[in-house]
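Novice: Contents are mmCIF, C-alpha atoms (C1' of nucleotides); file name upload01.cif:
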data_final
loop_
_atom_site.label_atom_id
_atom_site.label_comp_id
_atom_site.auth_asym_id
_atom_site.auth_seq_id
_atom_site.Cartn_x
_atom_site.Cartn_y
_atom_site.Cartn_z
CA MET A 1 99.29 145.36 104.47
CA SER A 2 100.49 142.01 105.50
CA THR A 3 98.32 140.13 103.08
CA GLU A 4 101.25 137.91 102.19
CA ARG A 5 100.62 134.21 102.30
CA LEU A 6 101.37 132.78 105.67
CA THR A 7 102.38 129.17 106.04
CA PRO A 8 101.51 126.71 108.80
CA THR A 9 104.90 127.46 110.27
CA SER A 10 103.95 131.11 110.45
CA TYR A 11 100.88 130.36 112.49
CA LEU A 12 102.79 128.01 114.71
CA VAL A 13 105.23 130.76 115.60
CA LEU A 14 102.51 133.36 116.01
CA GLY A 15 100.49 131.03 118.19
CA LEU A 16 103.36 130.15 120.47
CA LEU A 17 104.40 133.75 120.85
CA ALA A 18 100.81 134.71 121.61
CA ARG A 19 100.38 132.06 124.25
CA GLU A 20 103.81 131.84 125.81
CA GLY A 21 104.90 135.43 125.47
CA PRO A 22 108.18 136.70 124.05
CA SER A 23 110.46 133.80 123.27
CA THR A 24 113.79 132.90 121.76
CA PRO A 25 113.91 130.49 118.85
CA TYR A 26 115.36 127.92 121.17
CA ALA A 27 112.41 128.21 123.52
CA LEU A 28 110.09 127.76 120.58
CA GLU A 29 112.04 124.73 119.54
CA ARG A 30 111.79 123.11 122.98
CA HIS A 31 108.09 123.76 123.16
CA VAL A 32 107.44 122.37 119.72
CA ALA A 33 109.57 119.31 120.34
CA ALA A 34 107.45 118.45 123.37
CA THR A 35 104.13 118.91 121.63
CA LEU A 36 103.29 119.23 117.96
CA GLY A 37 106.75 118.11 116.97
CA ASN A 38 105.64 114.62 117.89
CA PHE A 39 104.03 114.23 114.52
CA TRP A 40 104.87 117.34 112.52
CA SER A 41 108.54 118.06 112.19
CA PHE A 42 109.72 121.65 112.39
CA PRO A 43 113.52 121.66 112.07
CA HIS A 44 115.12 124.10 114.46
CA THR A 45 116.36 126.36 111.72
CA LEU A 46 112.77 127.03 110.76
CA LEU A 47 112.19 128.58 114.16
CA TYR A 48 114.97 131.02 113.36
CA SER A 49 114.07 131.91 109.80
CA GLU A 50 110.32 132.09 110.18
CA PRO A 51 110.29 134.78 112.90
CA SER A 52 112.54 136.86 110.68
CA ARG A 53 110.01 136.67 107.89
CA LEU A 54 107.25 137.57 110.26
CA GLU A 55 109.21 140.52 111.43
CA ALA A 56 109.45 141.80 107.88
CA LEU A 57 105.66 141.67 107.83
CA GLU A 58 105.57 143.48 111.17
CA LEU A 59 103.70 140.63 112.79
CA VAL A 60 106.44 140.15 115.38
CA THR A 61 109.24 142.28 116.77
CA GLU A 62 112.79 141.27 117.43
CA THR A 63 115.15 142.32 120.21
CA ARG A 64 118.66 141.14 120.40
CA GLU A 65 121.30 140.95 123.10
CA SER A 66 124.47 142.84 122.42
CA ASP A 67 126.78 140.67 124.52
CA GLY A 68 128.40 137.36 123.62
CA ARG A 69 125.54 135.15 122.63
CA ARG A 70 123.48 137.78 120.90
CA ARG A 71 120.27 135.95 121.61
CA ARG A 72 117.24 136.94 119.61
CA THR A 73 113.91 137.32 121.33
CA PHE A 74 110.69 137.68 119.39
CA ALA A 75 107.36 139.05 120.51
CA ILE A 76 104.04 139.13 118.72
CA THR A 77 102.58 142.47 117.70
CA SER A 78 98.92 143.36 117.79
CA ALA A 79 98.83 143.01 114.03
CA GLY A 80 100.28 139.55 114.45
CA PHE A 81 97.68 138.68 117.02
CA ASP A 82 94.94 139.88 114.72
CA GLU A 83 96.28 137.77 111.90
CA LEU A 84 96.41 134.76 114.16
CA THR A 85 92.91 135.06 115.51
CA ALA A 86 91.51 135.75 112.06
CA TRP A 87 93.05 132.50 110.94
CA LEU A 88 91.65 130.63 113.90
CA GLU A 89 88.17 131.92 113.17
CA ARG A 90 88.33 130.50 109.66
CA PRO A 91 88.28 126.71 110.06
CA ALA A 92 90.79 124.79 107.97
CA ARG A 93 89.44 122.71 105.16
CA ALA A 94 92.64 121.10 103.98
CA ARG A 95 92.93 117.37 104.15
CA THR A 96 95.47 115.59 106.32
CA GLU A 97 98.87 114.98 104.87
CA LEU A 98 99.90 111.60 106.16
CA ARG A 99 103.43 111.13 104.93
CA ASP A 100 104.89 107.83 105.96
CA LEU A 101 107.92 106.30 104.34
CA GLY A 102 106.91 102.93 105.65
CA LEU A 103 103.58 103.06 103.86
CA LEU A 104 105.31 104.17 100.70
CA GLN A 105 107.58 101.16 100.89
CA LEU A 106 104.71 98.86 101.65
CA PHE A 107 102.91 100.15 98.59
CA PHE A 108 105.73 98.78 96.47
CA MET A 109 106.55 95.69 98.48
CA ASP A 110 105.39 93.38 95.70
CA LEU A 111 108.61 94.41 93.96
CA ALA A 112 110.86 93.25 96.79
CA SER A 113 111.65 90.09 98.64
CA GLU A 114 109.36 88.47 101.15
CA GLU A 115 111.87 89.07 103.91
CA ALA A 116 111.87 92.76 103.14
CA GLY A 117 108.15 92.85 103.80
CA THR A 118 108.59 91.01 107.05
CA ARG A 119 111.36 93.30 108.20
CA LEU A 120 109.37 96.38 107.30
CA ALA A 121 106.26 95.25 109.12
CA ARG A 122 108.18 94.36 112.26
CA GLU A 123 110.20 97.54 112.23
CA GLN A 124 107.14 99.71 111.77
CA ARG A 125 105.18 97.90 114.41
CA ALA A 126 108.00 98.45 116.86
CA ILE A 127 108.30 102.13 115.98
CA HIS A 128 104.62 102.79 116.46
CA GLN A 129 104.44 100.72 119.59
CA ALA A 130 107.22 102.80 121.09
CA LYS A 131 105.49 106.02 120.14
CA LEU A 132 102.22 104.77 121.53
CA ALA A 133 103.91 103.89 124.81
CA ALA A 134 105.43 107.36 124.99
CA TYR A 135 102.06 108.97 124.41
CA GLU A 136 100.49 106.81 127.09
CA ALA A 137 103.19 107.88 129.50
CA ASP A 138 102.44 111.52 128.67
CA ALA A 139 98.78 110.89 129.28
CA ARG A 140 99.51 109.29 132.66
CA ILE A 141 101.71 112.15 133.75
CA GLU A 142 99.02 114.58 132.77
CA ARG A 143 96.36 112.73 134.69
CA ARG A 144 98.43 113.11 137.84
CA GLY A 145 98.52 116.84 137.44
CA GLY A 146 101.84 117.01 135.71
CA HIS A 147 105.32 116.88 137.03
CA PRO A 148 106.23 120.25 138.54
CA ALA A 149 109.67 120.33 137.00
CA SER A 150 108.50 119.60 133.50
CA GLY A 151 106.16 120.93 130.87
CA LEU A 152 103.32 122.22 133.06
CA ARG A 153 100.66 124.10 131.16
CA THR A 154 102.33 123.20 127.93
CA VAL A 155 101.57 119.59 128.44
CA GLU A 156 98.03 120.39 129.38
CA HIS A 157 97.42 121.93 126.04
CA TRP A 158 99.17 119.11 124.32
CA ARG A 159 96.96 116.63 126.04
CA GLY A 160 93.73 118.52 125.67
CA ALA A 161 94.19 119.36 122.07
CA THR A 162 96.28 116.84 120.27
CA LEU A 163 97.61 114.09 122.48
CA PRO A 164 94.38 112.12 122.15
CA MET A 165 94.73 112.20 118.39
CA GLY A 166 98.28 110.95 118.72
CA LEU A 167 97.06 108.09 120.86
CA LEU A 168 94.36 107.19 118.39
CA TYR A 169 96.68 107.39 115.43
CA GLU A 170 99.43 105.31 116.94
CA GLY A 171 96.93 102.76 118.12
CA ALA A 172 95.62 102.45 114.59
CA ALA A 173 99.13 102.22 113.19
CA VAL A 174 100.11 99.45 115.57
CA ALA A 175 97.00 97.49 114.63
CA PHE A 176 97.66 98.05 110.96
CA TRP A 177 101.27 96.93 110.97
CA GLN A 178 100.43 94.00 113.17
CA GLY A 179 97.94 92.98 110.53
CA VAL A 180 100.52 93.37 107.80
CA ALA A 181 102.99 91.29 109.75
CA ASP A 182 100.41 88.58 110.30
CA LYS A 183 99.68 88.34 106.60
CA VAL A 184 103.22 88.65 105.38
CA VAL A 185 104.66 86.15 107.80
CA ARG A 186 102.85 83.02 106.85
CA PRO A 187 104.50 80.25 108.83
CA ASP A 188 103.95 79.71 112.50
CA PRO A 189 100.82 81.64 113.42
CA ALA A 190 101.83 81.19 117.02
CA ILE A 191 104.41 83.80 117.89
CA GLU A 192 107.76 82.09 117.81
CA PRO A 193 109.30 81.59 121.25
CA ASN A 194 112.76 82.26 119.89
CA GLY A 195 112.05 85.70 118.55
CA ARG A 196 115.30 87.18 117.47
CA GLU A 197 115.69 90.53 115.87
CA PRO A 198 118.33 92.01 113.64
CA GLY A 199 120.01 95.16 114.86
CA MET B 1 127.57 106.92 90.48
CA SER B 2 124.07 107.85 91.36
CA THR B 3 124.70 108.15 95.05
CA GLU B 4 122.74 111.38 95.10
CA ARG B 5 120.06 111.65 97.70
CA LEU B 6 116.75 110.42 96.44
CA THR B 7 113.52 111.77 97.86
CA PRO B 8 110.28 109.94 98.55
CA THR B 9 109.03 111.36 95.29
CA SER B 10 111.94 109.72 93.51
CA TYR B 11 111.01 106.32 94.85
CA LEU B 12 107.38 106.88 94.04
CA VAL B 13 108.25 107.51 90.41
CA LEU B 14 110.72 104.65 90.25
CA GLY B 15 108.23 102.29 91.83
CA LEU B 16 105.41 103.19 89.49
CA LEU B 17 107.61 102.91 86.44
CA ALA B 18 108.88 99.56 87.67
CA ARG B 19 105.43 98.15 88.26
CA GLU B 20 103.38 99.77 85.52
CA GLY B 21 105.99 100.00 82.82
CA PRO B 22 106.89 103.05 80.74
CA SER B 23 104.53 105.89 81.52
CA THR B 24 103.80 109.50 80.79
CA PRO B 25 103.72 111.96 83.66
CA TYR B 26 99.99 112.16 83.22
CA ALA B 27 99.62 108.41 83.66
CA LEU B 28 101.67 108.65 86.82
CA GLU B 29 99.48 111.45 88.02
CA ARG B 30 96.29 109.45 87.47
CA HIS B 31 97.70 106.45 89.24
CA VAL B 32 98.87 108.46 92.20
CA ALA B 33 95.61 110.34 92.48
CA ALA B 34 93.73 107.06 92.81
CA THR B 35 96.02 105.59 95.41
CA LEU B 36 98.69 107.20 97.54
CA GLY B 37 97.47 110.65 96.61
CA ASN B 38 94.61 110.04 98.99
CA PHE B 39 96.80 111.05 101.88
CA TRP B 40 100.08 112.22 100.43
CA SER B 41 99.80 115.00 97.92
CA PHE B 42 102.06 114.93 94.89
CA PRO B 43 101.21 117.96 92.72
CA HIS B 44 101.14 117.06 89.06
CA THR B 45 104.16 119.19 88.24
CA LEU B 46 106.23 116.97 90.49
CA LEU B 47 105.54 114.06 88.22
CA TYR B 48 107.07 116.09 85.41
CA SER B 49 110.10 117.46 87.18
CA GLU B 50 111.07 114.41 89.17
CA PRO B 51 111.48 112.07 86.18
CA SER B 52 113.75 114.67 84.64
CA ARG B 53 115.94 114.62 87.70
CA LEU B 54 116.01 110.86 87.63
CA GLU B 55 117.00 110.92 84.02
CA ALA B 56 120.01 113.06 84.87
CA LEU B 57 120.99 110.30 87.29
CA GLU B 58 120.39 107.71 84.57
CA LEU B 59 117.81 105.93 86.64
CA VAL B 60 115.15 106.44 83.99
CA THR B 61 115.14 107.16 80.27
CA GLU B 62 113.00 109.61 78.41
CA THR B 63 111.48 109.36 74.95
CA ARG B 64 109.50 112.10 73.42
CA GLU B 65 107.01 112.37 70.60
CA SER B 66 107.95 114.70 67.81
CA ASP B 67 104.39 115.56 66.74
CA GLY B 68 101.99 118.09 68.21
CA ARG B 69 101.72 117.10 71.82
CA ARG B 70 105.30 116.08 72.28
CA ARG B 71 104.41 113.68 75.05
CA ARG B 72 107.19 112.49 77.27
CA THR B 73 107.38 108.85 78.22
CA PHE B 74 109.69 107.62 80.92
CA ALA B 75 111.00 104.15 81.55
CA ILE B 76 113.05 102.79 84.41
CA THR B 77 116.57 101.60 83.75
CA SER B 78 118.21 98.62 85.37
CA ALA B 79 120.21 101.01 87.53
CA GLY B 80 116.94 102.57 88.56
CA PHE B 81 115.48 99.22 89.39
CA ASP B 82 118.51 98.36 91.48
CA GLU B 83 118.23 101.61 93.36
CA LEU B 84 114.57 100.95 94.01
CA THR B 85 114.96 97.42 95.27
CA ALA B 86 117.92 98.39 97.42
CA TRP B 87 115.71 100.98 99.06
CA LEU B 88 112.92 98.49 99.58
CA GLU B 89 115.30 96.07 101.25
CA ARG B 90 116.28 98.70 103.78
CA PRO B 91 113.19 99.26 105.94
CA ALA B 92 112.30 102.86 106.65
CA ARG B 93 112.81 104.08 110.17
CA ALA B 94 111.41 107.56 109.79
CA ARG B 95 108.42 108.50 111.84
CA THR B 96 105.10 109.46 110.34
CA GLU B 97 104.57 113.05 109.34
CA LEU B 98 100.99 113.81 110.19
CA ARG B 99 100.43 117.32 108.96
CA ASP B 100 96.95 118.53 109.64
CA LEU B 101 95.95 122.15 109.61
CA GLY B 102 92.92 121.35 111.68
CA LEU B 103 95.02 119.91 114.47
CA LEU B 104 97.29 122.92 114.33
CA GLN B 105 94.31 125.20 114.75
CA LEU B 106 92.92 123.09 117.54
CA PHE B 107 96.23 123.33 119.33
CA PHE B 108 95.72 127.08 119.56
CA MET B 109 91.97 127.15 120.02
CA ASP B 110 92.26 128.51 123.53
CA LEU B 111 93.20 131.78 121.84
CA ALA B 112 90.01 132.00 119.80
CA SER B 113 86.30 132.16 120.36
CA GLU B 114 84.18 129.26 121.48
CA GLU B 115 82.28 129.31 118.21
CA ALA B 116 85.52 128.95 116.29
CA GLY B 117 86.18 125.72 118.14
CA THR B 118 82.71 124.47 117.37
CA ARG B 119 82.99 125.32 113.70
CA LEU B 120 86.37 123.67 113.44
CA ALA B 121 85.26 120.46 115.11
CA ARG B 122 82.18 120.16 112.94
CA GLU B 123 84.02 120.96 109.76
CA GLN B 124 86.75 118.46 110.47
CA ARG B 125 84.34 115.76 111.46
CA ALA B 126 82.49 116.22 108.18
CA ILE B 127 85.70 116.15 106.16
CA HIS B 128 86.91 112.95 107.74
CA GLN B 129 83.51 111.33 107.56
CA ALA B 130 83.40 112.01 103.85
CA LYS B 131 86.87 110.57 103.36
CA LEU B 132 85.98 107.55 105.42
CA ALA B 133 82.89 106.97 103.30
CA ALA B 134 84.96 107.20 100.14
CA TYR B 135 87.44 104.67 101.46
CA GLU B 136 84.65 102.33 102.43
CA ALA B 137 83.24 102.60 98.93
CA ASP B 138 86.67 101.73 97.54
CA ALA B 139 86.84 98.74 99.83
CA ARG B 140 83.41 97.55 98.70
CA ILE B 141 84.29 97.87 95.04
CA GLU B 142 87.43 95.92 95.63
CA ARG B 143 85.63 93.16 97.43
CA ARG B 144 83.44 92.66 94.37
CA GLY B 145 86.45 92.11 92.16
CA GLY B 146 86.77 95.64 90.91
CA HIS B 147 84.99 97.48 88.19
CA PRO B 148 86.40 96.38 84.83
CA ALA B 149 86.54 99.87 83.40
CA SER B 150 88.38 101.36 86.33
CA GLY B 151 91.56 100.89 88.25
CA LEU B 152 91.90 97.08 88.14
CA ARG B 153 95.15 95.82 89.60
CA THR B 154 96.01 99.29 90.74
CA VAL B 155 93.17 99.29 93.16
CA GLU B 156 94.12 95.88 94.38
CA HIS B 157 97.46 97.14 95.48
CA TRP B 158 95.90 100.20 96.99
CA ARG B 159 93.59 98.06 98.98
CA GLY B 160 96.09 95.42 99.97
CA ALA B 161 98.79 97.79 100.96
CA THR B 162 97.42 101.05 102.14
CA LEU B 163 93.67 101.35 101.93
CA PRO B 164 93.27 99.59 105.29
CA MET B 165 95.51 102.19 106.89
CA GLY B 166 93.40 104.91 105.35
CA LEU B 167 90.30 103.33 106.80
CA LEU B 168 91.87 103.05 110.22
CA TYR B 169 93.15 106.59 110.18
CA GLU B 170 89.93 108.17 109.05
CA GLY B 171 87.99 106.16 111.56
CA ALA B 172 90.25 107.43 114.30
CA ALA B 173 89.97 110.99 113.02
CA VAL B 174 86.18 110.87 112.99
CA ALA B 175 86.14 109.56 116.53
CA PHE B 176 88.60 112.22 117.63
CA TRP B 177 86.76 115.17 116.15
CA GLN B 178 83.46 113.84 117.37
CA GLY B 179 84.96 113.84 120.82
CA VAL B 180 86.19 117.39 120.40
CA ALA B 181 82.78 118.48 119.20
CA ASP B 182 81.10 116.81 122.15
CA LYS B 183 83.29 118.65 124.60
CA VAL B 184 83.23 121.99 122.86
CA VAL B 185 79.56 122.05 122.00
CA ARG B 186 77.72 121.93 125.25
CA PRO B 187 74.11 122.56 124.29
CA ASP B 188 71.98 120.33 122.13
CA PRO B 189 73.45 116.85 122.45
CA ALA B 190 71.10 115.72 119.66
CA ILE B 191 73.03 115.84 116.43
CA GLU B 192 71.74 115.31 112.94
CA PRO B 193 72.08 111.63 112.00
CA ASN B 194 73.74 112.11 108.64
CA GLY B 195 76.61 114.52 108.55
CA ARG B 196 76.82 115.89 105.06
CA GLU B 197 79.21 118.37 103.58
CA PRO B 198 78.79 121.31 101.25
CA GLY B 199 80.09 120.96 97.73
"C1'" DC C 1 141.47 121.04 131.97
"C1'" DC C 2 139.44 118.61 128.54
"C1'" DT C 3 135.57 116.87 126.18
"C1'" DA C 4 130.93 116.10 125.37
"C1'" DT C 5 126.64 118.09 125.04
"C1'" DC C 6 123.67 121.95 125.03
"C1'" DA C 7 122.50 126.26 122.99
"C1'" DT C 8 122.48 129.40 119.16
"C1'" DG C 9 123.03 130.96 114.82
"C1'" DT C 10 124.09 131.68 109.34
"C1'" DA C 11 124.17 130.30 104.58
"C1'" DA C 12 123.42 127.50 100.47
"C1'" DT C 13 120.90 124.26 98.17
"C1'" DC C 14 116.98 122.16 96.25
"C1'" DC C 15 112.51 120.27 96.31
"C1'" DG C 16 107.82 121.40 96.12
"C1'" DT C 17 104.45 124.76 95.28
"C1'" DT C 18 102.25 128.29 92.65
"C1'" DA C 19 101.44 130.62 88.53
"C1'" DC C 20 100.97 130.47 83.89
"C1'" DA C 21 99.96 128.65 79.30
"C1'" DT C 22 98.40 125.98 75.38
"C1'" DG C 23 97.08 121.63 72.69
"C1'" DA C 24 93.34 118.10 72.42
"C1'" DT C 25 88.82 116.22 73.26
"C1'" DT C 26 84.11 116.05 74.62
"C1'" DA C 27 79.64 118.06 75.24
"C1'" DT C 28 76.01 121.38 74.04
"C1'" DA D 1 80.98 126.19 66.56
"C1'" DT D 2 81.78 127.24 70.97
"C1'" DA D 3 82.53 126.37 75.63
"C1'" DA D 4 84.17 123.47 78.95
"C1'" DT D 5 87.10 120.16 80.53
"C1'" DC D 6 90.87 117.09 79.95
"C1'" DA D 7 95.68 116.60 79.03
"C1'" DT D 8 100.32 118.32 78.95
"C1'" DG D 9 103.88 121.15 79.78
"C1'" DT D 10 107.42 125.22 81.41
"C1'" DA D 11 109.25 128.56 84.57
"C1'" DA D 12 109.89 131.21 88.81
"C1'" DC D 13 109.74 131.62 93.51
"C1'" DG D 14 110.31 130.53 98.21
"C1'" DG D 15 110.06 127.64 102.25
"C1'" DA D 16 112.20 123.69 104.22
"C1'" DT D 17 116.06 120.83 104.66
"C1'" DT D 18 120.95 120.14 104.98
"C1'" DA D 19 125.44 121.52 106.01
"C1'" DC D 20 128.29 124.11 108.64
"C1'" DA D 21 130.00 126.61 112.61
"C1'" DT D 22 130.86 128.55 117.18
"C1'" DG D 23 129.64 130.16 122.10
"C1'" DA D 24 128.35 128.31 126.69
"C1'" DT D 25 127.87 124.84 130.30
"C1'" DA D 26 128.53 120.64 132.79
"C1'" DG D 27 130.95 116.35 133.85
"C1'" DG D 28 135.02 113.67 134.55
#
Could I get this file's structure written as structure tokens?
Specialist:
Amino acid sequence: MSTERLTPTSYLVLGLLAREGPSTPYALERHVAATLGNFWSFPHTLLYSEPSRLEALELVTETRESDGRRRRTFAITSAGFDELTAWLERPARARTELRDLGLLQLFFMDLASEEAGTRLAREQRAIHQAKLAAYEADARIERRGGHPASGLRTVEHWRGATLPMGLLYEGAAVAFWQGVADKVVRPDPAIEPNGREPG
Amino acid sequence: MSTERLTPTSYLVLGLLAREGPSTPYALERHVAATLGNFWSFPHTLLYSEPSRLEALELVTETRESDGRRRRTFAITSAGFDELTAWLERPARARTELRDLGLLQLFFMDLASEEAGTRLAREQRAIHQAKLAAYEADARIERRGGHPASGLRTVEHWRGATLPMGLLYEGAAVAFWQGVADKVVRPDPAIEPNGREPG
DNA sequence: CCTATCATGTAATCCGTTACATGATTAT
DNA sequence: ATAATCATGTAACGGATTACATGATAGG
């Protein structure tokens, strides 16, 4: 009778527990930070509270150390696995939520100064360029078979499933903000040699 | 003394009131649905509750009809305008939140059947193709000077500020899911020329 | 040793979502 | 007239964020 509404976070936890085996919230956090967390933030407290909810629904079990740290370890139940696979068999139809503070600001930039637009465009371009570079580094590492001391299989999944989308998105974002910068910054179409940046 | 934390929704409301003048929540809703709502959902109730919060902070004022419908109309105050422009002058540094149920499912697709992967890829490709087509239609309408009976200036801003990003994103998404489909679906490389979607 | 950082957790708050409901307007 | 849709609003619930706090480990 676990016909309660499950959230994306629920499925994230179920999926990780199913694939990686019994885990502590901290392990979940590390895994998420290296993969999906790149573009979908899951604050660490969520990885503590969500498993508790799932336990109430008997989709996961909890065991806890009795000594000092009292670590909690969660494991998926067969009911949880069923719920997860049922969800995976039913393809999502929801549209993408693309929440970007920069875009929101840009949408209202006609209300602000010209310099504000310039600053925004440059800042955003830099942010997305950095992210793109990080993704490309991930992709390179993966192509070499992965660094033994690091993510291993984790990164494989990341790459196979979602890293390419990250690359595509950040590439598009860089192009977009470059375009904005080009239009906002009228003078000097040649990139100024004395490019200085505010902190 | 309105040093309370404002949310993105707060700035959305402030910005619309600043640019469009005094508005009812319904007017805000319509405006949002035609523009930012394309990739950032703001449920209509938010456009009722958020202005109320802002009124408590004296960033907007409320006037209300006394007759049958008792419509509420909100207007930005000068304090509100100051808050808005101050925000716009401080460029956002937050990273993009790209929340996509489809990507989440894909991330765990190794736990499901092959057909599930196929279904997901096709479904997502169709969704993004449809959105891309809609954006392209918007862009065409804009290029012709806009339809007099429709969005007018609104659409101009949409196009100038954020429609290009929508086009870029959806283009990337279509390419991505096409790639997923190509890898997941082995047999029958011939695909129907026009991907359509069910109502 | 001391301090910084990592690791681990709880609790309160509040925004956003969902559910519900009814007054107007248009179409048939 | 009646149904359907548009327009407008309130209230409750709960997940997500923020704030807080302390136990371990490593570095100097």
Novice: Show me, as JSON, numbers by chain, the residues of chain B whose atoms get within 12 Å of chain C, using all atoms listed in the file for the distance check.
Specialist: {"B": [5, 6, 7, 8, 9, 10, 41, 42, 43, 44, 45, 46, 47, 48, 49, 50, 53, 67, 68, 69, 70, 71]}
Novice: Which is closer to chain B than all the others in D:DA7, D:DA24, D:DA1, D:DA12, using all atoms listed in the file?
Specialist: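 Comparing D:DA7, D:DA24, D:DA1, D:DA12 against chain B, the winner is D:DA7.
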Novice: Excluding segment 161-168 of chain A and any residue of its chain fewer than 3 positions from it, enumerate the residues within 8 Å of it, using only C-alpha atoms (C1' of nucleotides), and give them as a ChimeraX atom specification.
Specialist: /A:36,39,132,135-136,139,157-158,171-172 /B:103,106-107,172-173,176
Novice: For the structure shown, which residues end up in the PyMOL selection byres ((chain D) within 12 of (chain A))? Put them as a ChimeraX atom specification, please?
Specialist: /D:14-19,22-24
Novice: Measure the distance from atom CA of Leu88 of chain A to atom CA of Thr118 of chain B in Å and round it to one decimal.
Specialist: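 That distance, rounded to one decimal, is 11.4 Å.
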Novice: Because the input lacks atoms here, generate all heavy atoms for segment 44-49 of chain A and report them as a compact mmCIF listing (two decimals), in the frame of the given file.
Specialist:
# COMPACT_ATOMS: atom_id res chain seq x y z
N HIS A 44 114.85 122.93 113.61
CA HIS A 44 115.12 124.10 114.46
C HIS A 44 115.45 125.36 113.67
O HIS A 44 115.11 126.45 114.09
CB HIS A 44 116.23 123.78 115.46
CG HIS A 44 117.61 123.86 114.90
ND1 HIS A 44 118.50 124.82 115.29
CD2 HIS A 44 118.23 123.13 113.96
CE1 HIS A 44 119.63 124.66 114.63
NE2 HIS A 44 119.49 123.62 113.82
N THR A 45 116.03 125.17 112.51
CA THR A 45 116.36 126.36 111.72
C THR A 45 115.11 127.11 111.27
O THR A 45 115.14 128.32 111.05
CB THR A 45 117.19 126.00 110.49
OG1 THR A 45 116.54 124.95 109.78
CG2 THR A 45 118.58 125.56 110.88
N LEU A 46 114.02 126.37 111.14
CA LEU A 46 112.77 127.03 110.76
C LEU A 46 112.34 128.02 111.82
O LEU A 46 111.77 129.07 111.51
CB LEU A 46 111.66 125.99 110.60
CG LEU A 46 111.29 125.56 109.20
CD1 LEU A 46 110.09 124.65 109.24
CD2 LEU A 46 111.02 126.77 108.34
N LEU A 47 112.60 127.71 113.07
CA LEU A 47 112.19 128.58 114.16
C LEU A 47 113.12 129.79 114.28
O LEU A 47 112.90 130.64 115.15
CB LEU A 47 112.12 127.80 115.47
CG LEU A 47 110.93 126.86 115.69
CD1 LEU A 47 109.69 127.35 115.01
CD2 LEU A 47 111.22 125.44 115.26
N TYR A 48 114.14 129.83 113.46
CA TYR A 48 114.97 131.02 113.36
C TYR A 48 114.56 131.86 112.15
O TYR A 48 114.44 133.07 112.23
CB TYR A 48 116.45 130.64 113.25
CG TYR A 48 117.03 130.14 114.55
CD1 TYR A 48 116.88 128.82 114.93
CD2 TYR A 48 117.72 130.99 115.40
CE1 TYR A 48 117.40 128.35 116.12
CE2 TYR A 48 118.24 130.53 116.60
CZ TYR A 48 118.08 129.21 116.95
OH TYR A 48 118.59 128.76 118.14
N SER A 49 114.35 131.16 111.03
CA SER A 49 114.07 131.91 109.80
C SER A 49 112.64 132.45 109.76
O SER A 49 112.41 133.55 109.28
CB SER A 49 114.34 131.04 108.58
OG SER A 49 113.60 129.84 108.66
